[in-house]
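Engineer: The structure file model-v3.txt (compact mmCIF, C-alpha atoms) is provided below.
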```
# COMPACT_ATOMS: atom_id res chain seq x y z
CA MET Y 144 -5.21 18.20 29.57
CA LYS Y 145 -4.52 20.37 26.53
CA PHE Y 146 -3.28 18.81 23.32
CA ASN Y 147 -1.94 20.15 20.06
CA PRO Y 148 -5.08 21.59 18.40
CA VAL Y 149 -4.26 19.97 15.06
CA ILE Y 150 -5.13 16.54 16.46
CA GLU Y 151 -8.67 17.53 17.45
CA HIS Y 152 -10.19 16.52 14.13
CA LEU Y 153 -7.70 13.83 13.14
CA LYS Y 154 -9.19 10.57 11.99
CA THR Y 155 -7.66 7.33 13.20
CA TYR Y 156 -6.58 4.88 10.51
CA GLU Y 157 -8.78 1.79 10.63
CA PRO Y 158 -6.90 -1.36 9.61
CA GLY Y 159 -8.62 -4.57 8.63
CA LYS Y 160 -9.99 -6.58 11.52
CA PRO Y 161 -7.35 -8.91 12.99
CA ILE Y 162 -8.11 -12.61 13.29
CA GLU Y 163 -7.75 -12.39 17.07
CA LEU Y 164 -10.59 -9.87 17.33
CA VAL Y 165 -12.93 -12.00 15.22
CA VAL Y 166 -12.16 -14.98 17.46
CA ARG Y 167 -13.08 -12.95 20.55
CA GLU Y 168 -16.22 -11.37 19.08
CA PHE Y 169 -17.77 -14.38 17.37
CA GLY Y 170 -16.16 -17.38 19.06
CA ILE Y 171 -14.96 -18.78 15.74
CA ASP Y 172 -12.04 -21.19 15.72
CA PRO Y 173 -8.96 -19.39 14.31
CA SER Y 174 -8.46 -22.21 11.80
CA ASP Y 175 -11.91 -21.45 10.35
CA ILE Y 176 -11.20 -17.76 9.71
CA VAL Y 177 -10.32 -16.49 6.23
CA LYS Y 178 -8.67 -13.08 6.28
CA LEU Y 179 -9.05 -11.29 2.96
CA ALA Y 180 -8.96 -7.72 4.24
CA SER Y 181 -5.40 -6.44 4.65
CA ASN Y 182 -3.72 -7.37 1.35
CA GLU Y 183 -1.25 -9.67 3.05
CA ASN Y 184 0.49 -12.34 1.02
CA PRO Y 185 -1.67 -15.49 1.41
CA PHE Y 186 1.39 -17.66 0.76
CA GLY Y 187 3.27 -16.24 3.72
CA CYS Y 188 6.85 -15.22 3.09
CA SER Y 189 10.01 -16.64 1.59
CA PRO Y 190 11.37 -19.75 3.35
CA LYS Y 191 14.75 -18.05 3.11
CA ALA Y 192 13.42 -15.15 5.16
CA ILE Y 193 12.11 -17.53 7.82
CA GLU Y 194 15.43 -19.32 8.08
CA SER Y 195 17.36 -16.07 8.23
CA VAL Y 196 15.23 -14.86 11.15
CA LYS Y 197 15.74 -18.14 12.99
CA ASP Y 198 19.50 -17.85 12.50
CA ALA Y 199 19.55 -14.26 13.75
CA ALA Y 200 17.09 -14.65 16.63
CA HIS Y 201 19.90 -14.78 19.19
CA LEU Y 202 20.82 -11.19 18.24
CA MET Y 203 17.55 -9.66 19.39
CA TYR Y 204 19.18 -8.32 22.56
CA ARG Y 205 21.39 -6.01 20.49
CA TYR Y 206 20.35 -2.82 18.76
CA PRO Y 207 20.06 -3.12 14.97
CA ASP Y 208 22.83 -2.09 12.59
CA ASP Y 209 21.66 1.48 12.14
CA THR Y 210 23.48 1.79 8.82
CA MET Y 211 21.22 -1.01 7.51
CA MET Y 212 24.12 -1.77 5.20
CA ALA Y 213 23.19 -5.30 4.12
CA LEU Y 214 19.64 -4.39 3.07
CA LYS Y 215 20.78 -1.15 1.48
CA GLU Y 216 23.33 -2.99 -0.63
CA GLY Y 217 20.65 -5.41 -1.80
CA LEU Y 218 18.25 -2.62 -2.75
CA CYS Y 219 20.98 -0.63 -4.47
CA ASP Y 220 21.90 -3.67 -6.55
CA ARG Y 221 18.26 -4.37 -7.34
CA PHE Y 222 17.41 -0.86 -8.52
CA GLY Y 223 20.78 0.48 -9.69
CA ILE Y 224 20.87 3.36 -7.21
CA LEU Y 225 23.35 4.78 -4.71
CA GLY Y 226 23.04 4.35 -0.97
CA GLU Y 227 22.65 8.13 -0.61
CA GLN Y 228 19.43 7.88 -2.63
CA LEU Y 229 17.79 5.43 -0.23
CA ILE Y 230 16.04 5.57 3.14
CA ILE Y 231 14.52 2.58 4.94
CA GLY Y 232 11.53 2.88 7.23
CA ALA Y 233 9.29 0.78 9.44
CA GLY Y 234 6.96 0.27 6.52
CA SER Y 235 6.76 2.67 3.59
CA ASP Y 236 4.16 4.65 5.52
CA GLN Y 237 6.91 5.76 7.92
CA VAL Y 238 8.73 7.27 4.95
CA ILE Y 239 5.48 9.08 4.07
CA GLU Y 240 5.45 10.44 7.61
CA PHE Y 241 9.06 11.66 7.23
CA ALA Y 242 8.19 13.37 3.95
CA CYS Y 243 5.14 15.12 5.37
CA HIS Y 244 7.08 16.48 8.33
CA ALA Y 245 9.88 17.58 6.01
CA LYS Y 246 7.64 19.56 3.64
CA LEU Y 247 4.42 20.48 5.43
CA TYR Y 248 3.45 23.13 7.95
CA GLY Y 249 0.30 24.88 9.14
CA GLY Y 250 -1.50 26.24 6.10
CA ALA Y 251 0.34 24.03 3.58
CA LYS Y 252 -1.56 21.75 1.21
CA ILE Y 253 -1.27 18.31 -0.28
CA LEU Y 254 -2.95 17.08 -3.45
CA GLN Y 255 -4.22 13.53 -3.81
CA ASN Y 256 -6.88 11.49 -5.51
CA GLU Y 257 -10.26 11.49 -3.78
CA ILE Y 258 -10.12 7.73 -3.16
CA THR Y 259 -6.63 6.64 -2.15
CA PHE Y 260 -4.48 5.47 0.77
CA ALA Y 261 -5.86 7.07 3.94
CA MET Y 262 -2.48 7.73 5.58
CA TYR Y 263 -1.61 10.53 3.13
CA GLN Y 264 -4.39 12.67 4.57
CA ILE Y 265 -3.75 11.61 8.16
CA TYR Y 266 -0.03 12.47 8.10
CA ALA Y 267 -0.76 15.77 6.34
CA ALA Y 268 -3.32 16.70 8.98
CA GLN Y 269 -0.82 15.90 11.72
CA CYS Y 270 1.36 18.65 10.26
CA GLY Y 271 -1.51 21.14 10.14
CA ALA Y 272 -1.79 20.91 6.35
CA SER Y 273 -5.03 20.75 4.38
CA VAL Y 274 -5.94 18.22 1.71
CA ILE Y 275 -7.02 18.97 -1.85
CA LYS Y 276 -8.70 16.02 -3.53
CA SER Y 277 -9.01 15.36 -7.23
CA PRO Y 278 -12.61 14.18 -7.66
CA GLY Y 279 -13.50 10.72 -8.84
CA MET Y 280 -12.78 7.15 -7.91
CA LEU Y 281 -9.84 6.76 -10.31
CA HIS Y 282 -6.82 8.99 -10.88
CA ASP Y 283 -7.44 11.81 -13.36
CA LEU Y 284 -4.10 13.51 -13.96
CA ASP Y 285 -5.62 16.37 -15.97
CA SER Y 286 -7.90 17.20 -13.06
CA MET Y 287 -4.99 16.92 -10.65
CA TYR Y 288 -2.93 19.31 -12.74
CA GLU Y 289 -5.69 21.93 -12.74
CA LEU Y 290 -5.93 21.64 -8.95
CA TYR Y 291 -2.15 21.87 -8.70
CA LEU Y 292 -2.15 25.16 -10.59
CA GLU Y 293 -4.97 26.50 -8.43
CA HIS Y 294 -3.69 25.47 -5.01
CA GLU Y 295 0.12 25.12 -5.35
CA PRO Y 296 0.45 22.18 -2.95
CA GLU Y 297 3.69 21.26 -1.24
CA ILE Y 298 3.19 17.54 -1.90
CA ILE Y 299 1.37 15.60 -4.60
CA PHE Y 300 0.61 11.92 -3.95
CA ILE Y 301 0.25 9.44 -6.80
CA CYS Y 302 -0.52 5.87 -5.78
CA ALA Y 303 0.38 3.49 -8.60
CA PRO Y 304 -1.31 1.05 -8.33
CA ASN Y 305 -3.91 2.78 -6.23
CA ASN Y 306 -5.16 1.50 -2.89
CA PRO Y 307 -8.06 0.75 -2.28
CA THR Y 308 -9.31 0.68 -5.88
CA GLY Y 309 -6.56 -1.37 -7.59
CA ASP Y 310 -6.34 0.69 -10.80
CA CYS Y 311 -2.93 1.80 -12.08
CA LEU Y 312 -1.74 4.65 -14.27
CA ASP Y 313 0.71 4.00 -17.09
CA ALA Y 314 4.27 4.89 -16.13
CA VAL Y 315 4.63 7.25 -19.10
CA ASP Y 316 1.53 9.19 -18.05
CA ILE Y 317 2.98 9.65 -14.58
CA GLU Y 318 6.22 10.98 -16.07
CA ASN Y 319 4.37 13.35 -18.40
CA PHE Y 320 2.44 14.69 -15.41
CA ILE Y 321 5.56 15.22 -13.30
CA GLU Y 322 7.23 17.13 -16.14
CA ARG Y 323 4.62 19.87 -15.67
CA ILE Y 324 5.17 20.18 -11.90
CA ASP Y 325 7.38 22.85 -10.33
CA ASN Y 326 10.64 21.54 -8.92
CA ASN Y 327 9.79 22.76 -5.41
CA THR Y 328 6.70 20.53 -5.20
CA LEU Y 329 7.46 17.06 -3.85
CA VAL Y 330 5.80 14.34 -5.92
CA ILE Y 331 5.47 11.08 -3.99
CA VAL Y 332 4.93 8.04 -6.20
CA ASP Y 333 3.71 5.21 -3.99
CA GLY Y 334 4.69 1.89 -5.54
CA ALA Y 335 3.65 -0.42 -2.71
CA TYR Y 336 1.99 -2.76 -5.24
CA GLN Y 337 4.36 -2.17 -8.15
CA GLU Y 338 5.56 -5.77 -8.28
CA TYR Y 339 2.02 -6.84 -9.16
CA ALA Y 340 1.43 -4.10 -11.72
CA ALA Y 341 4.75 -4.67 -13.49
CA TYR Y 342 4.07 -8.41 -13.67
CA LYS Y 343 0.63 -7.94 -15.18
CA GLU Y 344 1.41 -5.23 -17.72
CA SER Y 345 4.81 -3.84 -18.70
CA LYS Y 346 3.56 -0.31 -19.41
CA LYS Y 347 2.59 0.02 -15.72
CA ARG Y 348 6.14 -0.70 -14.59
CA ILE Y 349 7.93 2.21 -12.93
CA ASP Y 350 11.73 2.27 -12.94
CA PRO Y 351 12.59 4.06 -9.67
CA ALA Y 352 16.19 4.80 -10.64
CA ALA Y 353 15.23 6.35 -13.97
CA LEU Y 354 12.39 8.29 -12.38
CA VAL Y 355 14.47 9.95 -9.66
CA GLU Y 356 17.33 10.59 -12.08
CA LYS Y 357 14.98 12.45 -14.40
CA PHE Y 358 13.10 14.32 -11.64
CA ASP Y 359 14.90 15.46 -8.51
CA ASN Y 360 11.59 16.36 -6.83
CA VAL Y 361 10.27 12.77 -6.82
CA LEU Y 362 10.18 10.34 -3.90
CA TYR Y 363 9.42 6.74 -4.87
CA LEU Y 364 8.08 4.37 -2.21
CA GLY Y 365 8.35 0.59 -2.05
CA THR Y 366 7.58 -2.03 0.57
CA PHE Y 367 8.28 -5.59 1.65
CA SER Y 368 4.76 -5.96 3.08
CA LYS Y 369 2.97 -7.13 -0.06
CA ALA Y 370 4.65 -9.30 -2.71
CA TYR Y 371 7.49 -10.20 -0.31
CA GLY Y 372 5.07 -11.23 2.44
CA LEU Y 373 6.68 -9.36 5.33
CA GLY Y 374 3.75 -7.27 6.56
CA GLY Y 375 4.44 -8.24 10.15
CA MET Y 376 8.08 -7.17 9.95
CA ARG Y 377 7.37 -3.59 8.83
CA VAL Y 378 10.01 -2.75 6.23
CA GLY Y 379 9.61 -0.15 3.50
CA TYR Y 380 11.88 2.22 1.62
CA GLY Y 381 12.08 5.50 -0.22
CA ILE Y 382 14.21 6.28 -3.28
CA SER Y 383 14.90 9.88 -4.22
CA SER Y 384 17.53 12.53 -4.84
CA LYS Y 385 20.38 12.86 -2.36
CA GLU Y 386 18.98 16.22 -1.24
CA ILE Y 387 15.57 14.80 -0.34
CA ILE Y 388 17.02 11.73 1.36
CA ARG Y 389 19.29 13.92 3.50
CA ALA Y 390 16.24 15.92 4.62
CA LEU Y 391 14.28 12.79 5.48
CA TYR Y 392 17.17 11.36 7.49
CA LYS Y 393 16.96 14.35 9.83
CA LEU Y 394 13.52 13.10 10.87
CA ARG Y 395 14.41 9.43 11.27
CA SER Y 396 14.82 8.14 14.80
CA PRO Y 397 17.78 5.80 15.41
CA PHE Y 398 17.18 2.06 15.10
CA ASN Y 399 13.78 2.59 13.47
CA VAL Y 400 13.81 -0.88 11.85
CA THR Y 401 14.46 -3.98 13.94
CA THR Y 402 17.34 -6.40 13.49
CA LEU Y 403 15.10 -9.30 12.53
CA SER Y 404 13.12 -7.16 10.10
CA LEU Y 405 16.29 -6.11 8.30
CA VAL Y 406 17.52 -9.70 8.15
CA ALA Y 407 14.19 -10.97 6.81
CA ALA Y 408 13.96 -8.28 4.14
CA ARG Y 409 17.50 -8.93 2.92
CA ALA Y 410 16.79 -12.64 2.54
CA ALA Y 411 13.38 -12.03 0.93
CA LEU Y 412 14.99 -9.77 -1.64
CA GLU Y 413 17.07 -12.71 -2.85
CA ASP Y 414 14.17 -15.12 -3.28
CA ASP Y 415 12.81 -14.16 -6.69
CA ALA Y 416 11.27 -17.60 -7.13
CA PHE Y 417 8.93 -17.02 -4.19
CA VAL Y 418 7.88 -13.60 -5.46
CA GLN Y 419 7.25 -14.90 -8.97
CA MET Y 420 5.13 -17.76 -7.60
CA THR Y 421 3.15 -15.23 -5.58
CA LEU Y 422 2.48 -13.03 -8.59
CA LYS Y 423 1.53 -15.92 -10.87
CA GLU Y 424 -0.90 -17.43 -8.36
CA CYS Y 425 -2.41 -14.04 -7.56
CA PHE Y 426 -3.45 -13.26 -11.10
CA GLU Y 427 -4.63 -16.79 -11.81
CA GLN Y 428 -6.97 -16.51 -8.83
CA MET Y 429 -7.90 -12.95 -9.83
CA LYS Y 430 -9.60 -14.35 -12.93
CA ARG Y 431 -11.94 -16.32 -10.69
CA PHE Y 432 -12.97 -13.13 -8.87
CA GLU Y 433 -13.58 -11.38 -12.19
CA ASP Y 434 -15.69 -14.28 -13.48
CA PHE Y 435 -17.66 -14.42 -10.23
CA ALA Y 436 -18.39 -10.70 -10.41
CA ARG Y 437 -19.61 -10.93 -13.99
CA GLY Y 438 -21.85 -13.85 -13.10
CA HIS Y 439 -23.50 -11.88 -10.28
CA GLY Y 440 -23.80 -8.46 -11.88
CA ILE Y 441 -21.13 -7.02 -9.59
CA GLY Y 442 -19.00 -4.16 -10.88
CA VAL Y 443 -15.23 -4.48 -10.72
CA ILE Y 444 -12.27 -2.20 -11.25
CA GLU Y 445 -9.49 -3.85 -13.23
CA SER Y 446 -6.86 -4.54 -10.60
CA TYR Y 447 -3.07 -4.43 -10.85
CA THR Y 448 -2.61 -5.44 -7.22
CA ASN Y 449 -3.17 -8.43 -4.94
CA PHE Y 450 -6.75 -7.35 -4.22
CA ILE Y 451 -9.91 -6.61 -6.15
CA THR Y 452 -12.67 -4.08 -5.49
CA TYR Y 453 -16.28 -5.17 -5.89
CA LEU Y 454 -18.73 -2.33 -6.62
CA LEU Y 455 -22.11 -3.31 -5.17
CA LYS Y 456 -24.41 -0.55 -6.42
CA GLY Y 457 -27.95 -1.85 -6.74
CA ILE Y 458 -26.99 -5.30 -5.44
CA THR Y 459 -26.54 -5.03 -1.69
CA ASP Y 460 -25.10 -2.78 0.99
CA SER Y 461 -21.36 -3.19 1.51
CA THR Y 462 -21.58 -2.95 5.30
CA VAL Y 463 -24.38 -5.50 5.50
CA LEU Y 464 -22.46 -7.91 3.28
CA SER Y 465 -19.16 -7.36 5.11
CA ASP Y 466 -20.78 -7.94 8.51
CA ALA Y 467 -22.58 -11.05 7.30
CA LEU Y 468 -19.31 -12.46 5.96
CA LEU Y 469 -17.56 -11.58 9.20
CA ARG Y 470 -20.02 -13.65 11.20
CA GLN Y 471 -18.98 -16.60 9.02
CA GLY Y 472 -15.31 -15.96 9.72
CA ILE Y 473 -14.55 -14.28 6.36
CA ILE Y 474 -12.89 -10.89 6.76
CA VAL Y 475 -13.06 -8.42 3.85
CA ARG Y 476 -12.61 -4.65 3.79
CA ASP Y 477 -15.77 -2.55 3.74
CA LEU Y 478 -15.10 0.63 1.74
CA LYS Y 479 -18.10 2.56 3.05
CA GLY Y 480 -15.62 4.75 4.95
CA TYR Y 481 -14.24 5.89 1.58
CA GLY Y 482 -17.72 6.84 0.41
CA LEU Y 483 -18.06 3.72 -1.73
CA ASN Y 484 -20.69 1.01 -1.63
CA ALA Y 485 -17.96 -1.52 -2.25
CA ILE Y 486 -15.78 -4.15 -0.66
CA ARG Y 487 -12.08 -4.79 -1.17
CA ILE Y 488 -11.04 -8.43 -1.19
CA THR Y 489 -7.47 -9.66 -0.94
CA ILE Y 490 -6.79 -12.42 -3.46
CA GLY Y 491 -6.27 -15.46 -1.25
CA ARG Y 492 -5.31 -19.08 -1.78
CA ALA Y 493 -7.71 -21.17 -3.86
CA GLU Y 494 -9.40 -22.76 -0.83
CA GLU Y 495 -9.84 -19.37 0.87
CA ASN Y 496 -11.40 -17.94 -2.26
CA ASP Y 497 -13.74 -20.94 -2.46
CA ARG Y 498 -15.05 -20.03 1.01
CA PHE Y 499 -15.63 -16.45 -0.08
CA PHE Y 500 -17.47 -17.35 -3.29
CA SER Y 501 -19.70 -19.88 -1.55
CA ALA Y 502 -20.59 -17.50 1.27
CA VAL Y 503 -21.36 -14.56 -1.02
CA ASP Y 504 -23.42 -16.82 -3.28
CA ASN Y 505 -25.58 -17.86 -0.33
CA LEU Y 506 -25.90 -14.37 1.08
CA LEU Y 507 -26.96 -12.81 -2.22
CA GLU Y 508 -29.34 -15.67 -2.94
CA ASN Y 509 -30.97 -15.12 0.46
CA GLY Y 510 -31.26 -11.37 -0.10
CA ALA Y 511 -28.43 -9.70 1.86
CA GLN Y 512 -29.74 -6.13 1.68
```
How does the structure come out when it is put into structure tokens?

Structural biologist:
Amino acid sequence: MKFNPVIEHLKTYEPGKPIELVVREFGIDPSDIVKLASNENPFGCSPKAIESVKDAAHLMYRYPDDTMMALKEGLCDRFGILGEQLIIGAGSDQVIEFACHAKLYGGAKILQNEITFAMYQIYAAQCGASVIKSPGMLHDLDSMYELYLEHEPEIIFICAPNNPTGDCLDAVDIENFIERIDNNTLVIVDGAYQEYAAYKESKKRIDPAALVEKFDNVLYLGTFSKAYGLGGMRVGYGISSKEIIRALYKLRSPFNVTTLSLVAARAALEDDAFVQMTLKECFEQMKRFEDFARGHGIGVIESYTNFITYLLKGITDSTVLSDALLRQGIIVRDLKGYGLNAIRITIGRAEENDRFFSAVDNLLENGAQ
């Protein structure tokens, strides 16, 4: 069978190992597994979201409200935007997919950081576009600008905070960069972890409404998968100019977000107390990971997210360590696929983090090489 030739060299996105797979492979009781690989909220989701889904469960036989009016009204109130500036997707990565299909074609280019969210490159390749990468582990906007002038990409991706490294550019630096970009280049600012960054340091906070009002070539992305704890419901959104949102809507299939997902997201949006608890606990536990790294000579990147990246140069091999942890029922993300001898660890609950520290202590002491 012949397929579209652009898919021949496409890489498949590799998510963190699910608990179910670890149970099957290693015979570990599910209750003994600690999953610190996929940046899920270790505290679950808002009780209000759970109750709202229970109340709406009897509606699952009906198609969703395709206007998504209730969630749109909540997001418009939260950000001070108009409904025409908003699109909701099955995760923010679906909005990335819309944007790539709207702007890219065979021979087009995107510009991104060398180490960043893998789906940017995958969606671009699906459209026959090539990828220009700014070298280095962290965002270097000067380098990106030079590459922009050289290659004239159709899309520039800025992940703030960045996944999988956890670093975050200052909001003002992002704005200063965008000011130098031609209006026909779409700049996608991925704010999947913005709640964490804004909580930790005010100068990292991006105001989506102000950003898209100032620049009509910007698409801002947000999600309910991280701070709101709705990873399993798949709800994300894009905020942009009316022109861009109209273009993206032409690529959206009807009923792309389920009834229960919309209900859960609307309720989660109203539970600020849960989100604030999540953020507070995350950064309190983050200090423990930073202290542990210092005590073991492990390099870290200052993180503005709900995960931390451990740089293992000269200490051990990331794949060896990840596999050894996996056999003990502790799932972390090996970053060898990104060209890094590093692991990414979701900040878990205190007892989950205790398991991680104890296991890594023992493995390093016994020479995990």

Engineer: Enter the distance from atom CA of Leu312 of chain Y to atom CA of Lys276 of chain Y, in Å, rounded to one decimal.

Structural biologist: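 One can read the atom CA of Leu312 of chain Y to atom CA of Lys276 of chain Y distance as 17.1 Å.
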
Engineer: Counting only C-alpha atoms, what are the residues of segment 295-397 of chain Y within 9 Å of segment 402-419 of chain Y, and for each of them which pair of atoms is the nearest and at what distance in Å, to one decimal? Sort the table by chain and rising number, as CSV.

Structural biologist:
```
residue,atom,partner,partner_atom,distance
Y:Glu338,CA,Y:Val418,CA,8.6
Y:Tyr342,CA,Y:Gln419,CA,8.6
Y:Phe367,CA,Y:Ala408,CA,6.8
Y:Ala370,CA,Y:Val418,CA,6.0
Y:Tyr371,CA,Y:Val418,CA,6.2
Y:Gly372,CA,Y:Ala411,CA,8.5
Y:Leu373,CA,Y:Ala408,CA,7.5
Y:Gly375,CA,Y:Ser404,CA,8.7
Y:Met376,CA,Y:Ser404,CA,5.0
Y:Arg377,CA,Y:Ser404,CA,6.9
Y:Val378,CA,Y:Ser404,CA,6.6
```

Engineer: Using only C-alpha atoms, which of the listed residues (Y:Asp359, Y:Asp497, Y:Asp208, Y:Asp477) sits closest to Arg431 of chain Y?

Structural biologist: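 The answer is Y:Asp497, which sits nearest to Arg431 of chain Y.
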
Engineer: Y:Thr259, Y:Thr401, Y:Gln428, Y:Ser501: which is nearest Pro207 of chain Y, counting only C-alpha atoms?

Structural biologist: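 Smallest distance to Pro207 of chain Y is found for Y:Thr401.
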
Engineer: Once you count all atoms listed in the file, which residues end up no further than 8 Å from (-0.4, -13.8, -6.7) in the file's frame, shown as a list of chain:residue names?

Structural biologist: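 Collected hits near the coordinates: Y:Asn184, Y:Tyr339, Y:Ala370, Y:Met420, Y:Thr421, Y:Leu422, Y:Lys423, Y:Glu424, Y:Cys425, Y:Phe426, Y:Glu427, Y:Gln428, Y:Asn449, Y:Ile490.
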
Engineer: Show which residues sit within 9 Å of Cys311 of chain Y, as a PyMOL selection string. Count all atoms listed in the file, and ignore same-chain residues fewer than 5 positions away.

Structural biologist: chain Y and resi 281-282+302-305+340+347+445-448

Engineer: What is the distance between atom CA of Glu227 of chain Y and atom CA of Arg389 of chain Y, in Å to one decimal?

Structural biologist: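 Calculated distance between atom CA of Glu227 of chain Y and atom CA of Arg389 of chain Y is 7.9 Å.
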
Engineer: What lies within 7 Å of segment 230-247 of chain Y using only C-alpha atoms, ignoring chain neighbours under 2 positions off, as a short mmCIF file (atom, residue, chain, number, x, y, z; two decimals) with C-alpha atoms, in the coordinates of the input?

Structural biologist:
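The resulting file, out09.cif, is reproduced below:
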```cif
data_model
loop_
_atom_site.label_atom_id
_atom_site.label_comp_id
_atom_site.auth_asym_id
_atom_site.auth_seq_id
_atom_site.Cartn_x
_atom_site.Cartn_y
_atom_site.Cartn_z
CA ALA Y 251 0.34 24.03 3.58
CA TYR Y 266 -0.03 12.47 8.10
CA ALA Y 267 -0.76 15.77 6.34
CA CYS Y 270 1.36 18.65 10.26
CA ALA Y 272 -1.79 20.91 6.35
CA GLU Y 297 3.69 21.26 -1.24
CA LEU Y 364 8.08 4.37 -2.21
CA GLY Y 365 8.35 0.59 -2.05
CA THR Y 366 7.58 -2.03 0.57
CA ARG Y 377 7.37 -3.59 8.83
CA VAL Y 378 10.01 -2.75 6.23
CA GLY Y 379 9.61 -0.15 3.50
CA TYR Y 380 11.88 2.22 1.62
CA GLY Y 381 12.08 5.50 -0.22
CA ILE Y 382 14.21 6.28 -3.28
CA ILE Y 388 17.02 11.73 1.36
CA ALA Y 390 16.24 15.92 4.62
CA LEU Y 391 14.28 12.79 5.48
CA LEU Y 394 13.52 13.10 10.87
CA ASN Y 399 13.78 2.59 13.47
CA VAL Y 400 13.81 -0.88 11.85
#
```

Engineer: What is the atom CA of Ala268 of chain Y to atom CA of Asn256 of chain Y distance in Å?

Structural biologist: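 Between atom CA of Ala268 of chain Y and atom CA of Asn256 of chain Y the gap works out to 15.8 Å.
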
Engineer: Measuring between only C-alpha atoms, which one of Y:Asn326, Y:Asn182, Y:Ser174, Y:Asn360 shows the shortest distance to Val475 of chain Y?

Structural biologist: Y:Asn182

Engineer: When you count all atoms listed in the file, which of these residues is closest to Glu356 of chain Y: Y:Asp325, Y:Ala502, Y:Leu225, Y:Ser396?

Structural biologist: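 Of Y:Asp325, Y:Ala502, Y:Leu225, Y:Ser396, the one nearest Glu356 of chain Y, counting all atoms listed in the file, is Y:Leu225.
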
Engineer: Could you name the residues that touch Ser465 of chain Y at 9 Å or less, counting only C-alpha atoms, but leaving out those on the same chain fewer than 4 positions away, as a PyMOL selection string?

Structural biologist: chain Y and resi 460-461+469-470+473-477+486

Engineer: Missing atoms in segment 194-205 of chain Y need filling: write out N, CA, C and O atoms for it as a compact mmCIF listing (two decimals), in the coordinates of the input.

Structural biologist:
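Everything below was put into part-v3.txt:
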```
# COMPACT_ATOMS: atom_id res chain seq x y z
N GLU Y 194 14.18 -18.75 7.59
CA GLU Y 194 15.43 -19.32 8.08
C GLU Y 194 16.40 -18.25 8.55
O GLU Y 194 17.10 -18.43 9.56
N SER Y 195 16.43 -17.14 7.85
CA SER Y 195 17.36 -16.07 8.23
C SER Y 195 16.98 -15.48 9.59
O SER Y 195 17.86 -15.14 10.39
N VAL Y 196 15.68 -15.38 9.86
CA VAL Y 196 15.23 -14.86 11.15
C VAL Y 196 15.56 -15.85 12.26
O VAL Y 196 16.00 -15.45 13.36
N LYS Y 197 15.37 -17.13 12.00
CA LYS Y 197 15.74 -18.14 12.99
C LYS Y 197 17.23 -18.05 13.33
O LYS Y 197 17.62 -18.11 14.50
N ASP Y 198 18.05 -17.91 12.30
CA ASP Y 198 19.50 -17.85 12.50
C ASP Y 198 19.92 -16.61 13.27
O ASP Y 198 20.93 -16.63 13.99
N ALA Y 199 19.16 -15.53 13.12
CA ALA Y 199 19.55 -14.26 13.75
C ALA Y 199 18.81 -13.99 15.06
O ALA Y 199 19.06 -12.98 15.70
N ALA Y 200 17.93 -14.91 15.46
CA ALA Y 200 17.09 -14.65 16.63
C ALA Y 200 17.91 -14.37 17.89
O ALA Y 200 17.49 -13.60 18.76
N HIS Y 201 19.08 -14.97 17.99
CA HIS Y 201 19.90 -14.78 19.19
C HIS Y 201 20.46 -13.37 19.30
O HIS Y 201 20.97 -12.98 20.35
N LEU Y 202 20.30 -12.56 18.23
CA LEU Y 202 20.82 -11.19 18.24
C LEU Y 202 19.79 -10.17 18.70
O LEU Y 202 20.07 -8.97 18.71
N MET Y 203 18.61 -10.61 19.10
CA MET Y 203 17.55 -9.66 19.39
C MET Y 203 17.85 -8.79 20.63
O MET Y 203 17.19 -7.77 20.83
N TYR Y 204 18.83 -9.15 21.41
CA TYR Y 204 19.18 -8.32 22.56
C TYR Y 204 20.01 -7.11 22.16
O TYR Y 204 20.16 -6.15 22.94
N ARG Y 205 20.57 -7.13 20.96
CA ARG Y 205 21.39 -6.01 20.49
C ARG Y 205 20.57 -5.04 19.63
O ARG Y 205 19.61 -5.44 18.97
```
